[in-house]
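As stored in input20.txt (compact mmCIF, C-alpha atoms):
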# COMPACT_ATOMS: atom_id res chain seq x y z
CA MET A 1433 26.35 63.60 74.28
CA THR A 1434 24.63 62.36 71.17
CA PRO A 1435 23.64 58.69 71.08
CA SER A 1436 26.44 57.93 68.63
CA THR A 1437 29.17 59.36 70.86
CA ARG A 1438 27.68 57.41 73.76
CA THR A 1439 28.04 54.27 71.66
CA LEU A 1440 31.64 55.17 70.89
CA TRP A 1441 32.43 55.47 74.58
CA ARG A 1442 30.62 52.24 75.48
CA ASP A 1443 32.55 50.46 72.71
CA GLY A 1444 35.90 51.79 73.85
CA LEU A 1445 35.42 51.16 77.55
CA TRP A 1446 33.42 47.95 77.46
CA SER A 1447 31.83 46.21 74.49
CA ASN A 1448 34.76 46.64 72.08
CA ASN A 1449 37.57 47.32 74.55
CA PRO A 1450 40.96 47.17 72.77
CA GLY A 1451 42.62 45.14 75.54
CA LEU A 1452 39.83 42.77 76.60
CA VAL A 1453 37.77 42.28 73.44
CA GLN A 1454 39.86 43.19 70.41
CA LEU A 1455 42.94 41.84 72.26
CA LEU A 1456 45.18 44.35 70.49
CA GLY A 1457 48.42 45.81 71.83
CA LEU A 1458 49.02 42.83 74.08
CA CYS A 1459 52.83 43.03 74.02
CA PRO A 1460 53.11 46.31 75.96
CA LEU A 1461 50.00 45.43 77.94
CA LEU A 1462 51.57 42.25 79.28
CA ALA A 1463 55.09 43.65 79.58
CA VAL A 1464 54.67 46.86 81.60
CA THR A 1465 51.84 45.92 83.94
CA GLY A 1466 54.09 44.89 86.83
CA THR A 1467 52.77 47.88 88.79
CA ALA A 1468 49.73 50.13 88.53
CA ILE A 1469 51.87 53.23 87.99
CA ASN A 1470 53.77 51.68 85.07
CA GLY A 1471 50.42 50.76 83.54
CA LEU A 1472 49.10 54.26 84.09
CA GLY A 1473 52.20 55.84 82.54
CA LEU A 1474 52.09 53.75 79.39
CA GLY A 1475 48.28 54.06 79.27
CA LEU A 1476 48.45 57.86 79.31
CA ALA A 1477 51.15 57.89 76.63
CA THR A 1478 49.12 55.54 74.44
CA LEU A 1479 45.95 57.56 75.03
CA ALA A 1480 47.69 60.77 73.95
CA VAL A 1481 49.13 59.20 70.80
CA LEU A 1482 45.89 57.45 69.87
CA THR A 1483 43.76 60.58 70.29
CA ALA A 1484 46.16 62.78 68.32
CA SER A 1485 46.60 60.21 65.55
CA ASN A 1486 42.83 59.69 65.23
CA LEU A 1487 42.39 63.45 65.02
CA LEU A 1488 45.06 63.97 62.34
CA VAL A 1489 44.01 60.96 60.30
CA SER A 1490 40.41 62.14 60.29
CA MET A 1491 41.41 65.67 59.30
CA LEU A 1492 43.48 64.35 56.40
CA ARG A 1493 40.98 61.69 55.28
CA HIS A 1494 39.89 63.53 52.10
CA GLN A 1495 43.42 64.46 51.09
CA VAL A 1496 45.09 61.07 51.39
CA ALA A 1497 44.70 58.76 48.41
CA PRO A 1498 43.74 55.17 49.29
CA GLU A 1499 47.06 53.70 48.16
CA LEU A 1500 48.95 56.13 50.39
CA ARG A 1501 46.86 55.59 53.51
CA ILE A 1502 49.14 53.14 55.29
CA PRO A 1503 52.42 55.05 54.76
CA VAL A 1504 50.82 58.33 55.82
CA PHE A 1505 49.19 56.80 58.90
CA VAL A 1506 52.41 55.08 59.94
CA LEU A 1507 54.31 58.34 59.45
CA ILE A 1508 51.81 60.23 61.60
CA ILE A 1509 51.83 57.61 64.36
CA ALA A 1510 55.62 57.31 64.40
CA THR A 1511 56.02 61.09 64.59
CA LEU A 1512 53.56 61.38 67.49
CA VAL A 1513 55.23 58.54 69.38
CA THR A 1514 58.63 60.19 68.97
CA VAL A 1515 57.20 63.46 70.29
CA VAL A 1516 55.71 61.72 73.35
CA ASP A 1517 58.96 59.81 73.92
CA ARG A 1518 61.07 62.99 73.87
CA ILE A 1519 58.69 64.89 76.14
CA LEU A 1520 58.61 62.05 78.68
CA ALA A 1521 62.41 61.83 78.61
CA ALA A 1522 62.72 65.56 79.19
CA PHE A 1523 60.18 65.98 81.98
CA LEU A 1524 59.47 62.54 83.52
CA TYR A 1525 62.94 61.00 83.25
CA ASP A 1526 62.46 58.31 85.93
CA LEU A 1527 59.22 57.05 84.45
CA TRP A 1528 60.77 57.16 80.99
CA THR A 1529 63.65 54.98 82.20
CA THR A 1530 61.21 52.52 83.77
CA LEU A 1531 58.97 52.20 80.72
CA GLY A 1532 62.07 51.98 78.53
CA ILE A 1533 61.56 50.41 75.13
CA PHE A 1534 57.76 50.26 75.48
CA ILE A 1535 57.30 53.96 74.72
CA PRO A 1536 58.89 53.72 71.24
CA LEU A 1537 57.06 50.42 70.80
CA ILE A 1538 53.70 52.25 70.97
CA VAL A 1539 54.30 52.58 67.21
CA THR A 1540 53.69 48.86 66.87
CA ASN A 1541 50.54 48.87 68.99
CA CYS A 1542 47.99 47.52 66.54
CA THR A 1543 45.21 49.49 68.23
CA LEU A 1544 46.57 52.71 66.73
CA LEU A 1545 46.68 51.59 63.12
CA ALA A 1546 43.43 49.66 63.51
CA ARG A 1547 41.55 52.75 64.76
CA ALA A 1548 43.15 54.98 62.11
CA GLU A 1549 42.34 52.57 59.29
CA ALA A 1550 38.97 51.22 60.38
CA PHE A 1551 37.50 54.29 62.03
CA ALA A 1552 39.23 57.66 61.83
CA SER A 1553 39.87 57.56 58.08
CA ARG A 1554 36.10 57.22 57.44
CA ARG A 1555 34.54 59.42 60.08
CA PRO A 1556 34.24 63.14 60.89
CA VAL A 1557 36.77 64.75 63.19
CA VAL A 1558 34.53 64.93 66.28
CA ASP A 1559 33.67 61.22 66.11
CA ALA A 1560 37.34 60.34 65.58
CA LEU A 1561 38.30 62.43 68.60
CA HIS A 1562 35.74 60.69 70.80
CA ASP A 1563 36.79 57.31 69.46
CA GLY A 1564 40.46 58.00 70.20
CA LEU A 1565 39.69 59.14 73.73
CA ALA A 1566 37.34 56.22 74.38
CA GLN A 1567 39.56 53.48 72.96
CA GLY A 1568 42.61 55.02 74.66
CA SER A 1569 40.79 55.18 78.00
CA GLY A 1570 39.65 51.59 77.59
CA PHE A 1571 43.24 50.48 77.02
CA LEU A 1572 44.42 52.64 79.93
CA LEU A 1573 41.86 51.09 82.26
CA VAL A 1574 42.96 47.57 81.40
CA LEU A 1575 46.62 48.51 81.94
CA VAL A 1576 45.91 50.09 85.33
CA VAL A 1577 43.62 47.31 86.58
CA LEU A 1578 45.99 44.54 85.48
CA GLY A 1579 48.96 46.46 86.90
CA ALA A 1580 47.19 47.03 90.22
CA VAL A 1581 46.15 43.37 90.54
CA ARG A 1582 49.64 42.07 89.76
CA GLU A 1583 51.30 44.63 92.04
CA LEU A 1584 48.92 43.82 94.89
CA ILE A 1585 49.34 40.05 94.62
CA GLY A 1586 53.04 40.12 93.85
CA HIS A 1587 54.37 42.94 96.03
CA GLY A 1588 51.49 43.58 98.45
CA SER A 1589 51.55 47.26 97.53
CA LEU A 1590 49.51 49.67 95.43
CA LEU A 1591 50.75 52.74 93.54
CA ALA A 1592 54.44 52.06 94.24
CA GLY A 1593 56.51 54.57 92.29
CA ALA A 1594 53.76 57.20 92.17
CA ASP A 1595 56.47 59.84 92.60
CA GLN A 1596 57.90 58.90 89.18
CA LEU A 1597 54.70 60.09 87.55
CA PHE A 1598 53.40 62.81 89.86
CA GLY A 1599 56.55 64.21 91.45
CA PRO A 1600 58.10 63.73 94.92
CA ALA A 1601 54.92 64.89 96.71
CA ALA A 1602 53.10 61.76 95.53
CA ALA A 1603 55.54 59.33 97.18
CA GLY A 1604 53.10 59.12 100.12
CA LEU A 1605 50.37 57.70 97.88
CA THR A 1606 51.97 54.27 97.97
CA LEU A 1607 50.02 51.76 100.07
CA GLN A 1608 51.77 48.71 101.48
CA LEU A 1609 48.88 46.39 102.27
CA PHE A 1610 50.95 43.43 103.42
CA PRO A 1611 54.70 42.79 103.62
CA GLU A 1612 56.36 42.16 100.29
CA GLN A 1613 57.81 38.77 101.24
CA HIS A 1614 54.29 37.33 101.47
CA GLY A 1615 53.61 38.29 97.85
CA LEU A 1616 53.06 35.66 95.20
CA LEU A 1617 56.10 35.92 92.94
CA LEU A 1618 54.24 34.39 90.00
CA ALA A 1619 52.05 37.47 89.66
CA VAL A 1620 55.04 39.71 88.90
CA LEU A 1621 56.67 37.30 86.44
CA PRO A 1622 55.51 37.11 82.79
CA PRO A 1623 53.15 34.12 83.35
CA GLY A 1624 51.30 36.27 85.90
CA ALA A 1625 50.59 38.79 83.15
CA PHE A 1626 49.04 36.16 80.90
CA ILE A 1627 47.03 34.58 83.71
CA GLY A 1628 45.86 37.98 84.97
CA LEU A 1629 44.78 39.12 81.52
CA GLY A 1630 43.00 35.82 80.95
CA LEU A 1631 41.08 36.24 84.20
CA LEU A 1632 40.16 39.83 83.29
CA VAL A 1633 38.86 38.73 79.88
CA ALA A 1634 36.85 35.98 81.56
CA LEU A 1635 35.47 38.40 84.17
CA ARG A 1636 34.37 40.86 81.49
CA GLN A 1637 32.71 38.05 79.57
CA HIS A 1638 30.96 36.85 82.71
CA LEU A 1639 29.59 40.32 83.53
CA GLN A 1640 28.55 40.74 79.90
CA ASN A 1641 26.61 37.49 79.96
CA ARG A 1642 24.82 38.42 83.17
CA GLN A 1643 23.45 41.62 81.67
CA PRO A 1644 19.75 41.46 80.83
CA ALA A 1645 19.01 40.72 77.22
CA PRO A 1646 18.55 43.72 74.91
CA ARG A 1647 15.03 45.13 74.92
CA THR A 1648 14.38 44.02 71.36
CA ALA A 1649 14.67 40.40 72.42
CA PRO A 1650 13.31 40.12 75.95
CA ALA A 1651 13.22 36.85 77.86
CA ALA A 1652 15.69 35.14 75.57
CA ALA A 1653 16.86 31.92 77.16
CA ASP A 1654 20.54 32.68 76.66
CA PRO A 1655 21.34 36.36 76.07
CA GLY A 1656 24.90 35.57 74.92
CA PRO A 1657 27.52 38.21 74.31
CA GLU A 1658 26.48 41.26 72.33
CA THR A 1659 27.79 41.08 68.81
CA ALA A 1660 29.32 44.33 67.71
CA MET B 40 46.53 61.46 34.25
CA SER B 41 49.73 62.95 35.53
CA GLY B 42 47.77 65.15 37.94
CA SER B 43 46.10 62.23 39.67
CA ARG B 44 49.45 60.50 40.06
CA GLN B 45 51.34 63.47 41.40
CA ARG B 46 48.87 64.68 43.98
CA PRO B 47 49.14 61.69 46.34
CA LEU B 48 52.91 62.04 46.32
CA LEU B 49 52.56 65.73 47.03
CA VAL B 50 50.37 64.91 50.04
CA LEU B 51 52.90 62.37 51.28
CA GLY B 52 55.66 64.94 50.82
CA VAL B 53 53.77 67.58 52.76
CA VAL B 54 52.98 65.18 55.60
CA ALA B 55 56.62 64.06 55.75
CA ALA B 56 57.85 67.67 55.74
CA ALA B 57 55.39 68.63 58.49
CA ALA B 58 56.54 65.64 60.55
CA ALA B 59 60.19 66.62 60.06
CA VAL B 60 59.54 70.22 61.11
CA LEU B 61 57.57 69.09 64.18
CA LEU B 62 60.28 66.65 65.24
CA ALA B 63 63.02 69.23 64.73
CA GLY B 64 61.10 71.66 66.91
CA VAL B 65 60.49 69.08 69.65
CA HIS B 66 64.16 68.12 69.54
CA GLN B 67 65.20 71.78 69.94
CA TRP B 68 62.88 72.07 72.89
CA THR B 69 63.75 68.84 74.71
CA ALA B 70 67.40 68.13 73.87
CA ALA B 71 68.81 70.31 76.66
CA PRO B 72 66.47 69.03 79.43
CA ILE B 73 67.12 65.41 78.40
CA ALA B 74 70.90 65.84 78.44
CA GLU B 75 70.66 67.58 81.80
CA GLN B 76 68.53 64.78 83.28
CA ALA B 77 70.86 62.09 81.93
CA GLU B 78 73.88 63.91 83.37
CA ARG B 79 72.14 64.38 86.71
CA ARG B 80 71.20 60.71 86.80
CA ALA B 81 74.73 59.58 85.94
CA HIS B 82 76.20 61.88 88.59
CA ALA B 83 73.67 60.85 91.26
CA THR B 84 74.29 57.17 90.51
CA LEU B 85 78.05 57.50 90.67
CA THR B 86 78.25 59.63 93.79
CA GLN B 87 75.44 57.95 95.80
CA LEU B 88 78.03 56.35 98.08
CA LEU B 89 80.10 59.48 98.67
CA PRO B 90 79.31 62.03 101.37
CA ASP B 91 78.53 65.37 99.65
CA ASP B 92 81.46 67.30 101.10
CA SER B 93 84.07 64.58 100.69
CA TYR B 94 85.21 65.53 97.18
CA ASP B 95 85.52 68.60 94.97
CA ASN B 96 86.37 67.19 91.53
CA ASP B 97 84.09 65.63 88.90
CA PRO B 98 84.37 61.85 89.39
CA ILE B 99 82.43 61.19 86.17
CA ARG B 100 85.29 62.57 84.07
CA ASP B 101 88.17 61.54 86.34
CA ARG B 102 88.20 57.95 85.16
CA PHE B 103 90.18 55.27 83.38
CA PRO B 104 89.48 51.75 82.12
CA ALA B 105 90.93 48.83 84.08
CA TRP B 106 91.27 45.13 83.46
CA ILE B 107 90.41 43.26 86.66
CA ALA B 108 90.89 39.48 86.79
CA GLY B 109 87.60 37.57 86.79
CA LEU B 110 85.36 40.52 85.92
CA GLU B 111 84.03 41.54 82.54
CA ALA B 112 86.54 43.81 80.82
CA PRO B 113 87.05 46.63 80.90
CA SER B 114 85.88 47.97 84.23
CA THR B 115 85.70 51.72 84.71
CA ILE B 116 87.48 53.24 87.69
CA HIS B 117 86.40 56.71 88.83
CA ARG B 118 88.33 58.79 91.33
CA ALA B 119 87.04 61.36 93.80
CA ARG B 120 89.54 63.91 95.09
CA GLN B 121 89.48 66.64 97.71
CA ASP B 122 91.99 69.45 97.13
CA GLY B 123 93.81 67.11 94.74
CA GLU B 124 94.24 64.48 97.44
CA PRO B 125 92.68 61.01 96.95
CA ALA B 126 89.24 60.85 98.57
CA ALA B 127 87.67 57.69 97.21
CA LEU B 128 87.80 55.15 94.45
CA LEU B 129 84.62 54.17 92.58
CA ALA B 130 84.76 50.94 90.61
CA ASP B 131 82.01 50.40 88.03
CA VAL B 132 82.35 46.66 87.41
CA THR B 133 80.31 43.84 85.91
CA THR B 134 80.45 40.20 86.96
CA SER B 135 79.16 37.47 84.69
CA GLU B 136 78.70 35.04 87.60
CA GLY B 137 75.08 36.13 88.27
CA TYR B 138 72.28 33.58 88.30
CA SER B 139 70.45 34.93 85.26
CA GLY B 140 72.86 37.33 83.63
CA PRO B 141 75.53 39.89 84.35
CA ILE B 142 75.38 41.97 87.55
CA ARG B 143 76.75 45.51 87.36
CA LEU B 144 78.05 46.85 90.65
CA LEU B 145 79.33 50.16 91.93
CA ILE B 146 81.99 49.55 94.57
CA ALA B 147 83.35 52.52 96.52
CA LEU B 148 86.65 52.18 98.38
CA ARG B 149 88.58 54.54 100.59
CA PRO B 150 92.16 55.20 99.45
CA ASN B 151 93.38 52.79 102.15
CA GLY B 152 91.29 49.94 100.70
CA ASP B 153 88.34 49.89 103.11
CA VAL B 154 84.93 49.47 101.53
CA LEU B 155 82.81 52.64 101.65
CA GLY B 156 79.83 50.86 100.21
CA VAL B 157 78.51 48.67 97.40
CA ARG B 158 75.41 49.18 95.26
CA VAL B 159 73.87 47.23 92.40
CA LEU B 160 73.47 49.28 89.21
CA GLU B 161 71.96 46.66 86.90
CA HIS B 162 70.98 43.02 87.23
CA ARG B 163 68.52 40.42 86.00
CA GLU B 164 68.28 38.27 89.12
CA THR B 165 65.01 36.62 90.09
CA PRO B 166 62.40 39.07 91.44
CA GLY B 167 61.72 38.29 95.09
CA LEU B 168 64.87 36.20 95.57
CA GLY B 169 68.08 37.44 93.96
CA ASP B 170 66.83 41.01 93.62
CA ARG B 171 67.31 41.48 97.36
CA ILE B 172 70.87 42.53 96.47
CA GLU B 173 69.21 45.90 95.70
CA ARG B 174 69.50 48.35 98.58
CA ASP B 175 65.79 49.23 98.21
CA ARG B 176 64.76 45.64 98.85
CA SER B 177 67.02 44.57 101.70
CA ASP B 178 70.06 45.76 103.61
CA TRP B 179 72.13 42.73 102.56
CA ILE B 180 74.41 44.83 100.34
CA THR B 181 75.44 46.96 103.34
CA ARG B 182 77.23 43.92 104.86
CA PHE B 183 80.28 45.03 102.87
CA ASP B 184 80.53 48.47 104.50
CA ASP B 185 83.88 49.00 106.26
CA ARG B 186 85.17 45.58 105.24
CA ALA B 187 88.62 45.18 103.69
CA LEU B 188 90.69 42.53 101.97
CA GLY B 189 91.89 40.98 105.26
CA ASP B 190 88.58 41.52 107.06
CA PRO B 191 87.37 38.82 106.78
CA PRO B 192 90.38 36.78 105.58
CA VAL B 193 90.57 36.28 101.81
CA ASP B 194 89.41 32.67 102.00
CA ASP B 195 86.22 33.68 103.83
CA TRP B 196 84.94 35.99 101.07
CA ARG B 197 82.18 33.53 100.30
CA PRO B 198 78.53 33.11 101.34
CA ASP B 199 78.14 31.23 104.64
CA ARG B 200 76.21 28.56 102.73
CA ARG B 201 79.59 27.79 101.13
CA GLY B 202 81.61 28.11 104.30
CA GLY B 203 82.39 31.81 104.07
CA ALA B 204 81.86 34.76 106.39
CA PHE B 205 78.98 36.53 104.64
CA ASP B 206 75.26 35.88 105.05
CA THR B 207 73.66 34.09 102.13
CA LEU B 208 70.47 35.52 100.67
CA SER B 209 68.12 32.58 101.05
CA SER B 210 67.42 30.78 97.77
CA ALA B 211 69.96 33.04 96.08
CA THR B 212 73.33 31.47 96.88
CA ILE B 213 74.67 31.96 93.35
CA THR B 214 73.68 35.63 93.34
CA SER B 215 75.22 36.20 96.77
CA ALA B 216 78.43 34.43 95.75
CA ALA B 217 78.72 36.50 92.56
CA VAL B 218 78.47 39.81 94.41
CA ILE B 219 80.86 38.78 97.20
CA ASP B 220 83.35 37.48 94.64
CA ALA B 221 83.22 40.69 92.61
CA VAL B 222 83.86 42.85 95.68
CA ARG B 223 86.80 40.65 96.67
CA ARG B 224 88.30 40.87 93.19
CA VAL B 225 88.07 44.66 93.17
CA LEU B 226 89.69 44.80 96.61
CA ALA B 227 92.51 42.53 95.43
CA TRP B 228 93.03 44.67 92.33
CA GLN B 229 93.07 47.83 94.44
CA HIS B 230 95.60 46.28 96.80
CA ASP B 231 97.94 45.33 93.95
CA ASN B 232 97.73 48.76 92.34
CA ARG B 233 97.31 51.00 95.40
CA GLU B 234 100.54 52.92 94.75
CA ARG B 235 99.54 54.22 91.35
CA ILE B 236 95.74 54.29 91.11
CA PHE B 237 95.48 58.01 91.75
CA ASP B 238 98.40 58.83 89.45
CA ILE B 239 97.04 57.20 86.29
CA PRO B 240 95.97 59.94 83.87
CA SER B 241 92.25 60.17 83.10
CA VAL B 242 91.14 58.57 79.89
CA THR B 243 87.94 60.11 78.54
CA GLU B 244 87.47 59.29 74.92
The structure in this file should be written as C-alpha cells.
Amino acid sequence: MTPSTRTLWRDGLWSNNPGLVQLLGLCPLLAVTGTAINGLGLGLATLAVLTASNLLVSMLRHQVAPELRIPVFVLIIATLVTVVDRILAAFLYDLWTTLGIFIPLIVTNCTLLARAEAFASRRPVVDALHDGLAQGSGFLLVLVVLGAVRELIGHGSLLAGADQLFGPAAAGLTLQLFPEQHGLLLAVLPPGAFIGLGLLVALRQHLQNRQPAPRTAPAAADPGPETA
Amino acid sequence: MSGSRQRPLLVLGVVAAAAAVLLAGVHQWTAAPIAEQAERRAHATLTQLLPDDSYDNDPIRDRFPAWIAGLEAPSTIHRARQDGEPAALLADVTTSEGYSGPIRLLIALRPNGDVLGVRVLEHRETPGLGDRIERDRSDWITRFDDRALGDPPVDDWRPDRRGGAFDTLSSATITSAAVIDAVRRVLAWQHDNRERIFDIPSVTE
C-alpha cells in the first residue's frame, strides 16, 4: 500500500468516516440499525454501490463536461442502486423485504454523490476504487456497530436474522445473551438510534482526543481533533 | 462552437443508453426469480396454518372479496379444498382498531366454524408490548386455536381486562381487544354465510 492509499483508508474508516465525522447518509443509518444484520445488509449494499459508482465516475471523469457532471453521476448512481435492488430481491428475498424502502433510498445517500463529486471525479481510477471501498467500509462499520448495540440493549440478542443474509445454515449464529423482556425498549425505537449515534460520535471524538499529538507538534498542551 | 455543445449531450446520451441496456439485462435475469420468490412467499404466508396434505387446490386463486361488518372492506376470503370438498376457509382481514394503526390478520377456520389458527400478517403495534401478537414473540395468538363462536360465549370475546374470557397482553389491552374482536367478527360472518361460502364463484381480477 502506498502512503496515499493508506491515508484514504484511514480517512474512510476513522478520521473522515462518513457516518461519524461527515455525518452523511443519516436517514438510512438511523432507520435500519434495529439489528446488526439489517445494518450489515444495508452496509454491504451501500458499499457495493459506492465502490462501483466511484469507479465509473473516475473512469468517465475526462469525458464528462462540468455542466453535465451532476446528471451523469445521478444517472450512474440510480442505475447501480436499481441493479443492487433487483439482485437482492431475486436472491435474498427475506432481507430485501426487511430492508424495504431503504435499498432504493441508497440513491439519496449523500455519501455517494459527495464522494463522486469531491473525490472520484478528480482522481485516478485506483485511488477512486480505494476511496469507495474505504468510505463504504467506514459506513458499513458504523451501521453494524450501531445495529449491534441497539439489538443487544433492546432485544438482548446479537445477529438475529443471520439466516436472511447467509442462508438457513446461519440461523445458529444468533446469540441470545439475556431474555428479550429485559431489553430496554427505547434502544429499538427511533430515539434509541439518535442517542446511540450520538454516543458513537462522542466515543470516536474521545478516542481521537486521547491520541498522542502528531509528531510535528510534540508535547502540545491540547492535541485537539485532527483537522482534515 | 457546435462541436463543444454537442459532445456533452452525446456523452449523456451514451451513458443513458448504457444504463438502459444494463437495466434491461438485469431485469431479464432477475424478473423470473423475483416473481417466483414473491409467489412462494404469498403461498407460504397463506397456507402457514394449513397442514400440507389437507388441501389439493390453489387457495391463492380460489378467493373472493367479502364485506364483513366492523372490518376494513373488502376482506379477502380464500378457500382450501380437498377433492372438491371444503377443507378450510382463510380470511385475510384488516381491523382498524389497533393501537397504532391497522392490524392485518390471517384467520383460518374449519368448514364447521372452528378456528384452525390465527396469525398476524402486518401491524404497527408497539415493539415489546403490542408486538407480542406475533407468533414469533409469544404464543398469545394461539389462544384462539379450536375456539368457535359459542366457545366462549359471544359476550366473552373480550380481553379479561375488560371482563372477557381471553388473556390480555399486559400493557396492550387495546391491541388484544382489536385482535379478539376481529376474530369474533369473522366467526360471526362465517356463521351467517356458512351455507354458501364454498359455492361463491372465485373472483380473481
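Closest approach to chain B among A:Pro1450, A:Gly1570, A:Pro1503, A:Pro1536 is made by A:Pro1503 (distances from only C-alpha atoms).
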If you take all atoms listed in the file and a cut-off of 8 Å, which residues of chain B touch chain A, and what are their nearest atom pairs and distances in Å to one decimal, in chain and number order, as CSV?
residue,atom,partner,partner_atom,distance
B:Pro47,CA,A:Ala1497,CA,5.7
B:Val50,CA,A:Val1496,CA,6.7
B:Leu51,CA,A:Val1504,CA,6.4
B:Val54,CA,A:Val1504,CA,7.2
B:Ala55,CA,A:Leu1507,CA,7.2
B:Ala58,CA,A:Thr1511,CA,6.1
B:Leu62,CA,A:Val1515,CA,6.7
B:Val65,CA,A:Val1515,CA,6.5
B:His66,CA,A:Arg1518,CA,7.4
B:Thr69,CA,A:Ala1522,CA,5.6
B:Ala70,CA,A:Ala1522,CA,7.5
B:Pro72,CA,A:Ala1522,CA,5.1
B:Ile73,CA,A:Ala1522,CA,4.5
B:Gln76,CA,A:Tyr1525,CA,6.7
B:Pro166,CA,A:Leu1617,CA,7.2
B:Gly167,CA,A:Leu1617,CA,6.5
Hey, which of A:Leu1597, A:Val1513, A:Ala1550, A:Ala1566 ends up closest to Leu61 (chain B)? Count all atoms listed in the file. A:Val1513
Residues at most 9 Å from Gly1475 (chain A), counting all atoms listed in the file, excluding those fewer than 5 positions away in the same chain, as a ChimeraX atom specification? /A:1461,1470,1480,1568-1569,1571-1576
List the residues sitting within 8 Å of (51.7, 47.4, 101.7) in the file's frame, using all atoms listed in the file, as JSON, numbers by chain. {"A": [1587, 1588, 1589, 1590, 1606, 1607, 1608, 1609, 1610, 1611, 1612]}
Between A:Ile1469, A:Val1453, A:Trp1441, A:Ile1627, which residue has the minimum interatomic distance to Phe1598 (chain A), considering all atoms listed in the file? A:Ile1469
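Take CA of Arg176 (chain B) and CA of Thr212 (chain B): the distance between them is 16.7 Å.
Shell of Arg223 (chain B) at 9 Å, with all atoms listed in the file counted and residues fewer than 3 places along the chain excluded, is Ala187, Leu188, Val193, Trp196, Val218, Ile219, Asp220, Leu226, Ala227 and Trp228 of chain B.
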For a cut-off of 6 Å around (39.8, 53.4, 59.4), file coordinates, pick out all residues using all atoms listed in the file and list them as a list in words. Arg1547, Ala1548, Glu1549, Ala1550, Phe1551, Ala1552, Ser1553 and Arg1554 of chain A
Take the residues from that selection and put them in a file with C-alpha atoms, as a PDB file, keeping the file's coordinate frame.
ATOM      1  CA  ARG A1547      41.550  52.750  64.760  1.00  0.00           C
ATOM      2  CA  ALA A1548      43.150  54.980  62.110  1.00  0.00           C
ATOM      3  CA  GLU A1549      42.340  52.570  59.290  1.00  0.00           C
ATOM      4  CA  ALA A1550      38.970  51.220  60.380  1.00  0.00           C
ATOM      5  CA  PHE A1551      37.500  54.290  62.030  1.00  0.00           C
ATOM      6  CA  ALA A1552      39.230  57.660  61.830  1.00  0.00           C
ATOM      7  CA  SER A1553      39.870  57.560  58.080  1.00  0.00           C
ATOM      8  CA  ARG A1554      36.100  57.220  57.440  1.00  0.00           C
TER       9      ARG A1554
END
If you measure from CA of Ala56 (chain B) to CA of Cys1542 (chain A), what distance in Å do you get, rounded to one decimal?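 Separating CA of Ala56 (chain B) from CA of Cys1542 (chain A) is a distance of 24.9 Å.
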CA of Ile116 (chain B) to CA of Ala83 (chain B), distance in Å rounded to a single decimal: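 Going from CA of Ile116 (chain B) over to CA of Ala83 (chain B), I get 16.2 Å.
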Pick out the residues sitting within 6 Å of region 140-151 of chain B, and hand them over as a VMD selection string; count all atoms listed in the file, and ignore anything fewer than 4 positions along from it in its own chain. chain B and resid 127 to 135 155 to 163
Residue nearest Gly1593 (chain A) - candidates A:Thr1437, A:Gln1567, A:Thr1530, A:Ser1485, atoms counted: only C-alpha atoms: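 Looking at the shortest contact to Gly1593 (chain A), the residue is A:Thr1530.
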Selected residue, from A:Gln1454, A:Asp1559, A:Asn1448, A:Val1464, that lies nearest to Trp1528 (chain A) when counting only C-alpha atoms: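 Under the stated criterion, the closest residue is A:Val1464.
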